[in-house]
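Student: For reference, this is coords.cif, and it has mmCIF, C-alpha atoms.
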data_entry
loop_
_atom_site.group_PDB
_atom_site.id
_atom_site.type_symbol
_atom_site.label_atom_id
_atom_site.label_comp_id
_atom_site.auth_asym_id
_atom_site.auth_seq_id
_atom_site.Cartn_x
_atom_site.Cartn_y
_atom_site.Cartn_z
ATOM 1 C CA VAL A 1 -151.916 -141.975 -61.478
ATOM 2 C CA LEU A 2 -149.397 -144.719 -61.007
ATOM 3 C CA GLN A 3 -146.306 -143.345 -59.323
ATOM 4 C CA LEU A 4 -143.067 -145.229 -59.617
ATOM 5 C CA SER A 5 -139.704 -144.767 -58.010
ATOM 6 C CA ASN A 6 -136.907 -145.868 -60.329
ATOM 7 C CA GLN A 7 -133.379 -146.589 -59.238
ATOM 8 C CA TRP A 8 -130.181 -148.000 -60.766
ATOM 9 C CA GLU A 9 -128.196 -150.230 -58.429
ATOM 10 C CA MET A 10 -124.634 -151.493 -58.652
ATOM 11 C CA SER A 11 -122.825 -154.536 -57.246
ATOM 12 C CA THR A 12 -119.307 -155.923 -57.412
ATOM 13 C CA ASN A 13 -120.375 -159.485 -56.622
ATOM 14 C CA ASN A 14 -123.909 -159.726 -58.122
ATOM 15 C CA VAL A 15 -125.273 -160.340 -54.609
ATOM 16 C CA ASN A 16 -124.989 -157.166 -52.523
ATOM 17 C CA TRP A 17 -126.545 -154.172 -54.286
ATOM 18 C CA THR A 18 -126.070 -150.469 -53.618
ATOM 19 C CA PRO A 19 -128.332 -147.729 -55.024
ATOM 20 C CA ILE A 20 -126.439 -145.275 -57.261
ATOM 21 C CA SER A 21 -127.037 -141.742 -56.032
ATOM 22 C CA GLY A 22 -129.013 -139.663 -58.536
ATOM 23 C CA ALA A 23 -129.336 -142.529 -61.034
ATOM 24 C CA ASN A 24 -133.108 -142.774 -61.417
ATOM 25 C CA LEU A 25 -133.669 -142.238 -65.144
ATOM 26 C CA GLN A 26 -134.032 -145.077 -67.657
ATOM 27 C CA THR A 27 -130.503 -144.488 -68.898
ATOM 28 C CA TYR A 28 -127.437 -144.234 -66.734
ATOM 29 C CA GLN A 29 -123.927 -143.243 -67.791
ATOM 30 C CA THR A 30 -121.077 -144.284 -65.547
ATOM 31 C CA GLY A 31 -118.111 -142.099 -64.832
ATOM 32 C CA THR A 32 -114.515 -143.298 -64.934
ATOM 33 C CA MET A 33 -114.234 -146.664 -63.235
ATOM 34 C CA ALA A 34 -111.320 -148.669 -61.851
ATOM 35 C CA ALA A 35 -110.507 -152.016 -63.439
ATOM 36 C CA GLY A 36 -112.846 -154.763 -62.300
ATOM 37 C CA THR A 37 -116.207 -156.420 -62.937
ATOM 38 C CA TYR A 38 -119.387 -154.555 -62.093
ATOM 39 C CA TYR A 39 -123.071 -155.484 -62.199
ATOM 40 C CA PHE A 40 -125.960 -153.091 -62.776
ATOM 41 C CA ARG A 41 -129.707 -153.485 -62.480
ATOM 42 C CA TYR A 42 -132.751 -151.226 -62.681
ATOM 43 C CA VAL A 43 -135.433 -151.360 -59.974
ATOM 44 C CA SER A 44 -138.920 -149.837 -60.326
ATOM 45 C CA THR A 45 -140.983 -149.572 -57.150
ATOM 46 C CA CYS A 46 -144.692 -148.703 -56.936
ATOM 47 C CA LEU A 47 -144.977 -145.999 -54.289
ATOM 48 C CA ALA A 48 -148.535 -146.995 -53.335
ATOM 49 C CA THR A 49 -147.843 -150.664 -52.675
ATOM 50 C CA THR A 50 -144.020 -150.795 -52.369
ATOM 51 C CA GLN A 51 -144.032 -153.691 -54.794
ATOM 52 C CA SER A 52 -141.023 -153.645 -57.074
ATOM 53 C CA SER A 53 -139.797 -155.089 -60.319
ATOM 54 C CA THR A 54 -136.130 -155.668 -60.916
ATOM 55 C CA SER A 55 -134.445 -155.973 -64.306
ATOM 56 C CA ASN A 56 -131.908 -158.592 -65.203
ATOM 57 C CA ALA A 57 -128.362 -157.754 -64.150
ATOM 58 C CA ILE A 58 -125.978 -156.544 -66.821
ATOM 59 C CA THR A 59 -122.250 -157.121 -66.475
ATOM 60 C CA LEU A 60 -119.646 -154.477 -67.187
ATOM 61 C CA THR A 61 -115.974 -155.450 -67.213
ATOM 62 C CA VAL A 62 -113.423 -152.645 -67.044
ATOM 63 C CA TYR A 63 -109.920 -153.587 -68.119
ATOM 64 C CA ALA A 64 -106.812 -151.746 -67.003
ATOM 65 C CA PRO A 65 -104.733 -150.320 -69.844
ATOM 66 C CA PRO A 66 -101.635 -152.397 -70.609
ATOM 67 C CA THR A 67 -98.297 -151.413 -69.119
ATOM 68 C CA ILE A 68 -95.893 -151.043 -72.020
ATOM 69 C CA THR A 69 -92.174 -151.426 -71.433
ATOM 70 C CA VAL A 70 -89.280 -150.942 -73.845
ATOM 71 C CA SER A 71 -85.928 -152.692 -73.605
ATOM 72 C CA ALA A 72 -82.657 -152.648 -75.531
ATOM 73 C CA PRO A 73 -79.201 -154.116 -75.025
ATOM 74 C CA ASN A 74 -76.767 -151.997 -73.010
ATOM 75 C CA ASN A 75 -79.695 -150.104 -71.425
ATOM 76 C CA GLY A 76 -80.272 -148.131 -74.615
ATOM 77 C CA VAL A 77 -76.663 -147.132 -75.278
ATOM 78 C CA ILE A 78 -76.465 -147.647 -79.036
ATOM 79 C CA CYS A 79 -73.517 -147.427 -81.393
ATOM 80 C CA GLY A 80 -74.990 -147.731 -84.895
ATOM 81 C CA THR A 81 -77.985 -150.073 -85.171
ATOM 82 C CA GLN A 82 -79.568 -152.086 -82.368
ATOM 83 C CA THR A 83 -82.768 -154.066 -81.826
ATOM 84 C CA VAL A 84 -85.264 -152.578 -79.358
ATOM 85 C CA THR A 85 -88.191 -154.595 -78.037
ATOM 86 C CA ALA A 86 -91.598 -153.755 -76.548
ATOM 87 C CA SER A 87 -93.663 -155.896 -74.192
ATOM 88 C CA GLY A 88 -96.961 -155.726 -72.332
ATOM 89 C CA ALA A 89 -99.477 -155.755 -75.212
ATOM 90 C CA SER A 90 -100.331 -157.570 -78.454
ATOM 91 C CA THR A 91 -99.632 -154.959 -81.112
ATOM 92 C CA TYR A 92 -97.323 -151.947 -81.025
ATOM 93 C CA VAL A 93 -96.802 -148.604 -82.750
ATOM 94 C CA TRP A 94 -93.378 -146.958 -82.354
ATOM 95 C CA SER A 95 -92.356 -143.307 -82.644
ATOM 96 C CA PRO A 96 -90.578 -141.280 -83.830
ATOM 97 C CA ALA A 97 -90.347 -143.081 -87.175
ATOM 98 C CA SER A 98 -87.206 -141.365 -88.454
ATOM 99 C CA ALA A 99 -84.642 -143.682 -86.810
ATOM 100 C CA LEU A 100 -86.687 -146.887 -86.811
ATOM 101 C CA SER A 101 -86.731 -149.762 -89.305
ATOM 102 C CA SER A 102 -90.511 -149.969 -88.844
ATOM 103 C CA THR A 103 -93.194 -148.234 -86.800
ATOM 104 C CA THR A 104 -95.000 -151.495 -85.965
ATOM 105 C CA GLY A 105 -94.020 -154.829 -84.464
ATOM 106 C CA THR A 106 -92.745 -156.240 -81.197
ATOM 107 C CA SER A 107 -89.098 -155.643 -82.144
ATOM 108 C CA VAL A 108 -87.644 -152.991 -84.445
ATOM 109 C CA THR A 109 -84.143 -151.800 -85.197
ATOM 110 C CA TYR A 110 -83.058 -148.341 -84.167
ATOM 111 C CA THR A 111 -80.224 -146.535 -85.940
ATOM 112 C CA ALA A 112 -78.677 -144.050 -83.547
ATOM 113 C CA THR A 113 -76.964 -140.885 -84.726
ATOM 114 C CA SER A 114 -77.648 -138.756 -81.647
ATOM 115 C CA ASN A 115 -79.287 -138.951 -78.225
ATOM 116 C CA ASN A 116 -83.041 -139.368 -78.510
ATOM 117 C CA SER A 117 -86.027 -141.044 -76.895
ATOM 118 C CA ILE A 118 -88.693 -143.343 -78.264
ATOM 119 C CA THR A 119 -92.202 -144.222 -77.133
ATOM 120 C CA VAL A 120 -94.373 -147.213 -77.902
ATOM 121 C CA THR A 121 -98.155 -147.380 -77.881
ATOM 122 C CA GLY A 122 -99.487 -150.902 -77.342
ATOM 123 C CA THR A 123 -102.945 -152.407 -77.772
ATOM 124 C CA ASP A 124 -103.819 -155.545 -75.821
ATOM 125 C CA VAL A 125 -106.243 -158.376 -76.650
ATOM 126 C CA ASN A 126 -109.116 -156.435 -75.046
ATOM 127 C CA GLY A 127 -108.548 -153.399 -77.267
ATOM 128 C CA CYS A 128 -107.153 -151.370 -74.375
ATOM 129 C CA VAL A 129 -104.329 -148.970 -75.202
ATOM 130 C CA GLY A 130 -101.300 -147.956 -73.158
ATOM 131 C CA THR A 131 -98.214 -145.902 -73.945
ATOM 132 C CA SER A 132 -94.734 -146.473 -72.588
ATOM 133 C CA ALA A 133 -92.738 -143.872 -70.761
ATOM 134 C CA PRO A 134 -90.171 -142.253 -73.060
ATOM 135 C CA TYR A 135 -87.231 -144.639 -73.448
ATOM 136 C CA ALA A 136 -83.886 -142.854 -73.607
ATOM 137 C CA ILE A 137 -81.508 -143.744 -76.423
ATOM 138 C CA THR A 138 -77.926 -142.715 -75.747
ATOM 139 C CA TYR A 139 -75.765 -142.456 -78.833
ATOM 140 C CA SER A 140 -72.270 -143.810 -78.384
ATOM 141 C CA ALA A 141 -69.985 -142.923 -81.281
ATOM 142 C CA PRO A 142 -68.005 -145.907 -82.517
ATOM 143 C CA THR A 143 -64.388 -146.115 -81.375
ATOM 144 C CA ALA A 144 -62.046 -145.204 -84.219
ATOM 145 C CA ILE A 145 -60.218 -147.901 -86.181
ATOM 146 C CA SER A 146 -56.788 -147.326 -87.679
ATOM 147 C CA ALA A 147 -55.584 -149.426 -90.632
ATOM 148 C CA THR A 148 -51.974 -149.696 -91.807
ATOM 149 C CA SER A 149 -50.263 -151.573 -94.630
ATOM 150 C CA SER A 150 -46.797 -153.104 -94.533
ATOM 151 C CA THR A 151 -46.259 -151.850 -98.089
ATOM 152 C CA ALA A 152 -47.569 -148.418 -98.982
ATOM 153 C CA ASN A 153 -47.080 -148.484 -102.791
ATOM 154 C CA PHE A 154 -46.891 -151.006 -105.624
ATOM 155 C CA CYS A 155 -45.784 -150.690 -109.237
ATOM 156 C CA GLY A 156 -47.323 -152.584 -112.162
ATOM 157 C CA VAL A 157 -49.672 -155.383 -111.102
ATOM 158 C CA GLY A 158 -49.158 -155.000 -107.351
ATOM 159 C CA GLY A 159 -47.913 -157.506 -104.822
ATOM 160 C CA ASN A 160 -48.417 -158.795 -101.314
ATOM 161 C CA THR A 161 -48.891 -156.732 -98.190
ATOM 162 C CA THR A 162 -50.088 -157.218 -94.635
ATOM 163 C CA ILE A 163 -52.940 -154.963 -93.551
ATOM 164 C CA THR A 164 -53.320 -154.402 -89.805
ATOM 165 C CA ALA A 165 -56.355 -152.890 -88.066
ATOM 166 C CA THR A 166 -56.111 -151.500 -84.543
ATOM 167 C CA SER A 167 -58.495 -149.846 -82.116
ATOM 168 C CA SER A 168 -58.876 -149.311 -78.405
ATOM 169 C CA ALA A 169 -62.216 -151.157 -78.637
ATOM 170 C CA PRO A 170 -62.387 -154.978 -78.545
ATOM 171 C CA TYR A 171 -63.612 -155.214 -82.156
ATOM 172 C CA THR A 172 -63.818 -158.306 -84.328
ATOM 173 C CA TYR A 173 -62.536 -157.342 -87.766
ATOM 174 C CA THR A 174 -63.755 -158.384 -91.201
ATOM 175 C CA PHE A 175 -61.637 -157.518 -94.230
ATOM 176 C CA THR A 176 -63.409 -156.941 -97.546
ATOM 177 C CA PRO A 177 -61.265 -156.812 -100.705
ATOM 178 C CA LEU A 178 -61.959 -153.995 -103.167
ATOM 179 C CA ALA A 179 -61.007 -153.251 -106.803
ATOM 180 C CA GLY A 180 -59.865 -156.758 -107.718
ATOM 181 C CA ALA A 181 -57.740 -157.351 -104.621
ATOM 182 C CA THR A 182 -57.831 -160.688 -102.845
ATOM 183 C CA VAL A 183 -57.510 -161.570 -99.192
ATOM 184 C CA ASN A 184 -55.545 -164.758 -98.621
ATOM 185 C CA SER A 185 -56.245 -165.062 -94.903
ATOM 186 C CA SER A 186 -57.406 -163.040 -91.965
ATOM 187 C CA THR A 187 -56.496 -163.745 -88.375
ATOM 188 C CA ALA A 188 -57.326 -161.433 -85.465
ATOM 189 C CA ASN A 189 -56.661 -157.944 -86.768
ATOM 190 C CA THR A 190 -54.523 -158.693 -89.837
ATOM 191 C CA ALA A 191 -55.256 -159.728 -93.407
#
What would the structure in this file look like if it were written as C-alpha cells?
Tutor:
Amino acid sequence: VLQLSNQWEMSTNNVNWTPISGANLQTYQTGTMAAGTYYFRYVSTCLATTQSSTSNAITLTVYAPPTITVSAPNNGVICGTQTVTASGASTYVWSPASALSSTTGTSVTYTATSNNSITVTGTDVNGCVGTSAPYAITYSAPTAISATSSTANFCGVGGNTTITATSSAPYTYTFTPLAGATVNSSTANTA
C-alpha cells in the first residue's frame, strides 16, 4: 500500500514555505487573513522513499476594506440644505434616506430639520466594502429675518414703498415680487 503524507504550505514571498498546521487534506479553507499577498501549494510525500511532488503555487490576494470618510461644510452644522461628500471608495450608498436627495453617489444634499447622523457604505474597485463611522449632522435653525415697509397701506392701484430686511446674520438678500408687484432695484437689504 502506497502511503503518502500530504501537506499544504504557505508563503508570503513564494520562496520560503511554511507547513500549515493540520492542513493535510486535499482541500484547505483559510481563516480570516490580514491584507496582503499569500501563496499556497500542496506537497505529497511518499513515506517509503521520501520523494515528494509539489503542486503549482496559487496566489491569494487579500484586500483591506476601504476606509470611508464623510465631509460637509462647517463640520456638519447645517442650516437648511447642504452638500455632503464621501471618499475612500468607488461607489457609495447613504443612509438614512429620509433627509437625503439620493441614497447613492459621491455627493448628495442633506436637508436638516433636526440633529441626526448619517453613514455611508462604500465599495472599492476590488469589490471590498467598508462603512463610515456615523457622521453627526447638527441642525442650526436659520437666524430670523425681519421685513418692514416704509408704507404700510395703499389705496386703489398702489404706489411706491421701500422694503427693508434686517437680521443679526450676515445674509445676502434676494427680493421676489409677488401678486403683480415689481421691484425697481435692490441694494444691500432694501428693495
Student: Using all atoms listed in the file, which protein or nucleic acid residues come within 7 Å of A:Ile68? Drop anything in the same chain fewer than 2 positions from it, and give the result as a list in words.
Tutor: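 Selected residues are Pro66, Val70, Ala86, Ser87, Gly88, Ala89, Gly122, Gly130, Thr131 and Ser132 of chain A.
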Student: Convert the output of the PyMOL selection byres ((chain A and resi 63) around 8) on the shown file into explicit residues, formatted as a PyMOL selection string.
Tutor: chain A and resi 35-36+61-62+64-65+126+128
Student: Take the PyMOL selection byres ((chain A and resi 107) around 12), run it mentally on this structure, and tell me the resulting residues as a VMD selection string.
Tutor: chain A and resid 69 to 72 82 to 87 90 to 94 100 to 106 108 to 110 120
Student: Given the file above and the PyMOL selection byres ((chain A and resi 57) around 10), which residues are selected, and can you give them as number ranges by chain?
Tutor: A: 9-11, 14, 38-42, 54-56, 58-60
Student: Can you write out the residues you just picked, keeping C-alpha atoms, as a short mmCIF file (atom, residue, chain, number, x, y, z; two decimals), in the frame of the given file?
Tutor:
data_model
loop_
_atom_site.label_atom_id
_atom_site.label_comp_id
_atom_site.auth_asym_id
_atom_site.auth_seq_id
_atom_site.Cartn_x
_atom_site.Cartn_y
_atom_site.Cartn_z
CA GLU A 9 -128.20 -150.23 -58.43
CA MET A 10 -124.63 -151.49 -58.65
CA SER A 11 -122.82 -154.54 -57.25
CA ASN A 14 -123.91 -159.73 -58.12
CA TYR A 38 -119.39 -154.56 -62.09
CA TYR A 39 -123.07 -155.48 -62.20
CA PHE A 40 -125.96 -153.09 -62.78
CA ARG A 41 -129.71 -153.49 -62.48
CA TYR A 42 -132.75 -151.23 -62.68
CA THR A 54 -136.13 -155.67 -60.92
CA SER A 55 -134.44 -155.97 -64.31
CA ASN A 56 -131.91 -158.59 -65.20
CA ILE A 58 -125.98 -156.54 -66.82
CA THR A 59 -122.25 -157.12 -66.47
CA LEU A 60 -119.65 -154.48 -67.19
#
Student: Need the shell around stretch 139-141 of chain A: protein/DNA/RNA residues with any atom at most 8 Å away, counting all atoms listed in the file. Skip same-chain ones fewer than 4 positions apart. Format as a ChimeraX atom specification?
Tutor: /A:77-80,112-116
Student: For A:Ser5, which residue out of A:Leu47, A:Cys155, A:Ser98, A:Thr37 is the nearest one, using only C-alpha atoms?
Tutor: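 Looking at the shortest contact to A:Ser5, the residue is A:Leu47.
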Student: Find the residues near A:Ser117: any atom within 8 Å, counting all atoms listed in the file, skip ones fewer than 2 places away on the same chain, and give them as a list in words.
Tutor: Asn115, Thr119, Pro134, Tyr135, Ala136 and Ile137 of chain A
Student: Excluding A:Val157 and its own-chain neighbours fewer than 4 positions away, which residues fall within 12 Å of it when counting all atoms listed in the file? Please give them as a list in words.
Tutor: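 Those residues are Asn153, Gly180 and Ala181 of chain A.
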Student: Mind checking which residues fall within 9 Å of A:Thr148, counting only C-alpha atoms, ignoring those fewer than 2 positions away in the same chain, and posting them as a ChimeraX atom specification?
Tutor: /A:146,150-152,162-166
Student: Output C-alpha atoms for every residue in the selection just made, as a compact mmCIF listing (two decimals), in the frame of the given file.
Tutor:
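Generated output (selection_2.txt):
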# COMPACT_ATOMS: atom_id res chain seq x y z
CA SER A 146 -56.79 -147.33 -87.68
CA SER A 150 -46.80 -153.10 -94.53
CA THR A 151 -46.26 -151.85 -98.09
CA ALA A 152 -47.57 -148.42 -98.98
CA THR A 162 -50.09 -157.22 -94.64
CA ILE A 163 -52.94 -154.96 -93.55
CA THR A 164 -53.32 -154.40 -89.80
CA ALA A 165 -56.36 -152.89 -88.07
CA THR A 166 -56.11 -151.50 -84.54
Student: Between A:Thr182, A:Thr111, A:Ser168, A:Gln29, which residue has the minimum interatomic distance to A:Trp8, considering all atoms listed in the file?
Tutor: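 Ranked by minimum distance to A:Trp8, first place goes to A:Gln29.
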Student: For atom CA of A:Pro142 and atom CA of A:Ala97, determine how far apart the two atoms are, in Å to one decimal place.
Tutor: 23.0 Å
Student: Atom CA of A:Leu4 and atom CA of A:Cys46 are how many Å apart?
Tutor: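 Interatomic distance, atom CA of A:Leu4 to atom CA of A:Cys46: 4.7 Å.
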Student: For stretch 3-99 of chain A of the block above, can you save C-alpha atoms as a CSV table (one decimal), in the first residue's frame?
Tutor:
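Output saved as decode.csv:
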chain,number,residue,atom,x,y,z
A,3,GLN,CA,1.4,5.7,1.9
A,4,LEU,CA,1.5,9.4,1.3
A,5,SER,CA,1.9,12.3,3.6
A,6,ASN,CA,0.0,15.4,2.3
A,7,GLN,CA,0.6,18.9,3.4
A,8,TRP,CA,-0.5,22.4,2.5
A,9,GLU,CA,2.2,25.1,2.7
A,10,MET,CA,2.0,28.8,2.7
A,11,SER,CA,4.5,31.6,1.8
A,12,THR,CA,4.4,35.4,1.7
A,13,ASN,CA,7.2,35.7,-0.9
A,14,ASN,CA,6.8,32.5,-3.0
A,15,VAL,CA,10.2,31.4,-1.8
A,16,ASN,CA,10.2,30.5,1.9
A,17,TRP,CA,7.4,28.0,2.6
A,18,THR,CA,5.9,27.1,6.0
A,19,PRO,CA,3.7,24.0,6.5
A,20,ILE,CA,0.1,24.9,7.7
A,21,SER,CA,-0.6,23.0,10.9
A,22,GLY,CA,-3.4,20.4,10.4
A,23,ALA,CA,-3.8,21.2,6.7
A,24,ASN,CA,-3.3,17.8,5.2
A,25,LEU,CA,-6.5,17.1,3.2
A,26,GLN,CA,-6.9,17.9,-0.5
A,27,THR,CA,-9.0,21.0,0.3
A,28,TYR,CA,-8.0,23.7,2.7
A,29,GLN,CA,-10.1,26.6,3.9
A,30,THR,CA,-8.2,29.6,5.3
A,31,GLY,CA,-9.4,31.6,8.3
A,32,THR,CA,-9.6,35.4,8.4
A,33,MET,CA,-6.4,36.8,6.9
A,34,ALA,CA,-4.8,40.2,7.1
A,35,ALA,CA,-4.4,42.2,3.9
A,36,GLY,CA,-1.5,41.1,1.7
A,37,THR,CA,-0.5,38.5,-0.9
A,38,TYR,CA,-0.2,34.9,0.0
A,39,TYR,CA,1.0,31.8,-1.9
A,40,PHE,CA,-0.2,28.2,-1.3
A,41,ARG,CA,1.0,24.9,-2.5
A,42,TYR,CA,0.2,21.2,-1.9
A,43,VAL,CA,3.0,18.7,-1.2
A,44,SER,CA,2.6,14.9,-1.3
A,45,THR,CA,5.5,12.9,0.1
A,46,CYS,CA,5.9,9.1,-0.3
A,47,LEU,CA,6.7,7.8,3.2
A,48,ALA,CA,8.7,4.9,1.9
A,49,THR,CA,11.1,6.8,-0.3
A,50,THR,CA,10.6,10.4,1.0
A,51,GLN,CA,10.2,11.5,-2.6
A,52,SER,CA,7.7,14.3,-3.0
A,53,SER,CA,5.6,16.0,-5.6
A,54,THR,CA,4.7,19.7,-5.2
A,55,SER,CA,1.8,21.4,-6.9
A,56,ASN,CA,2.0,24.7,-8.6
A,57,ALA,CA,1.7,27.7,-6.3
A,58,ILE,CA,-1.7,29.5,-6.2
A,59,THR,CA,-1.8,33.2,-5.3
A,60,LEU,CA,-4.3,34.7,-2.9
A,61,THR,CA,-4.6,38.5,-2.6
A,62,VAL,CA,-6.5,39.8,0.4
A,63,TYR,CA,-7.5,43.4,0.2
A,64,ALA,CA,-8.2,45.6,3.2
A,65,PRO,CA,-11.7,47.1,3.2
A,66,PRO,CA,-11.9,50.7,2.2
A,67,THR,CA,-11.8,53.5,4.8
A,68,ILE,CA,-14.9,55.6,4.1
A,69,THR,CA,-14.9,59.2,5.3
A,70,VAL,CA,-17.7,61.8,5.2
A,71,SER,CA,-17.3,65.5,5.0
A,72,ALA,CA,-19.5,68.6,4.9
A,73,PRO,CA,-19.0,72.3,5.1
A,74,ASN,CA,-19.0,73.8,8.7
A,75,ASN,CA,-18.1,70.4,10.1
A,76,GLY,CA,-21.7,69.1,9.6
A,77,VAL,CA,-23.5,72.1,11.1
A,78,ILE,CA,-26.3,72.6,8.6
A,79,CYS,CA,-29.0,75.3,8.3
A,80,GLY,CA,-31.4,74.1,5.6
A,81,THR,CA,-29.7,72.1,2.7
A,82,GLN,CA,-26.0,71.3,2.3
A,83,THR,CA,-23.9,69.1,0.2
A,84,VAL,CA,-22.2,66.2,2.0
A,85,THR,CA,-19.4,64.2,0.3
A,86,ALA,CA,-18.0,60.7,0.8
A,87,SER,CA,-14.5,59.5,-0.1
A,88,GLY,CA,-12.4,56.3,0.1
A,89,ALA,CA,-14.2,54.0,-2.4
A,90,SER,CA,-15.7,53.9,-5.9
A,91,THR,CA,-19.4,53.7,-5.2
A,92,TYR,CA,-21.5,54.7,-2.2
A,93,VAL,CA,-24.8,54.0,-0.5
A,94,TRP,CA,-26.0,56.6,2.0
A,95,SER,CA,-28.5,56.2,4.9
A,96,PRO,CA,-30.9,57.2,6.3
A,97,ALA,CA,-32.7,58.1,3.1
A,98,SER,CA,-35.3,60.4,4.6
A,99,ALA,CA,-33.2,63.6,4.6
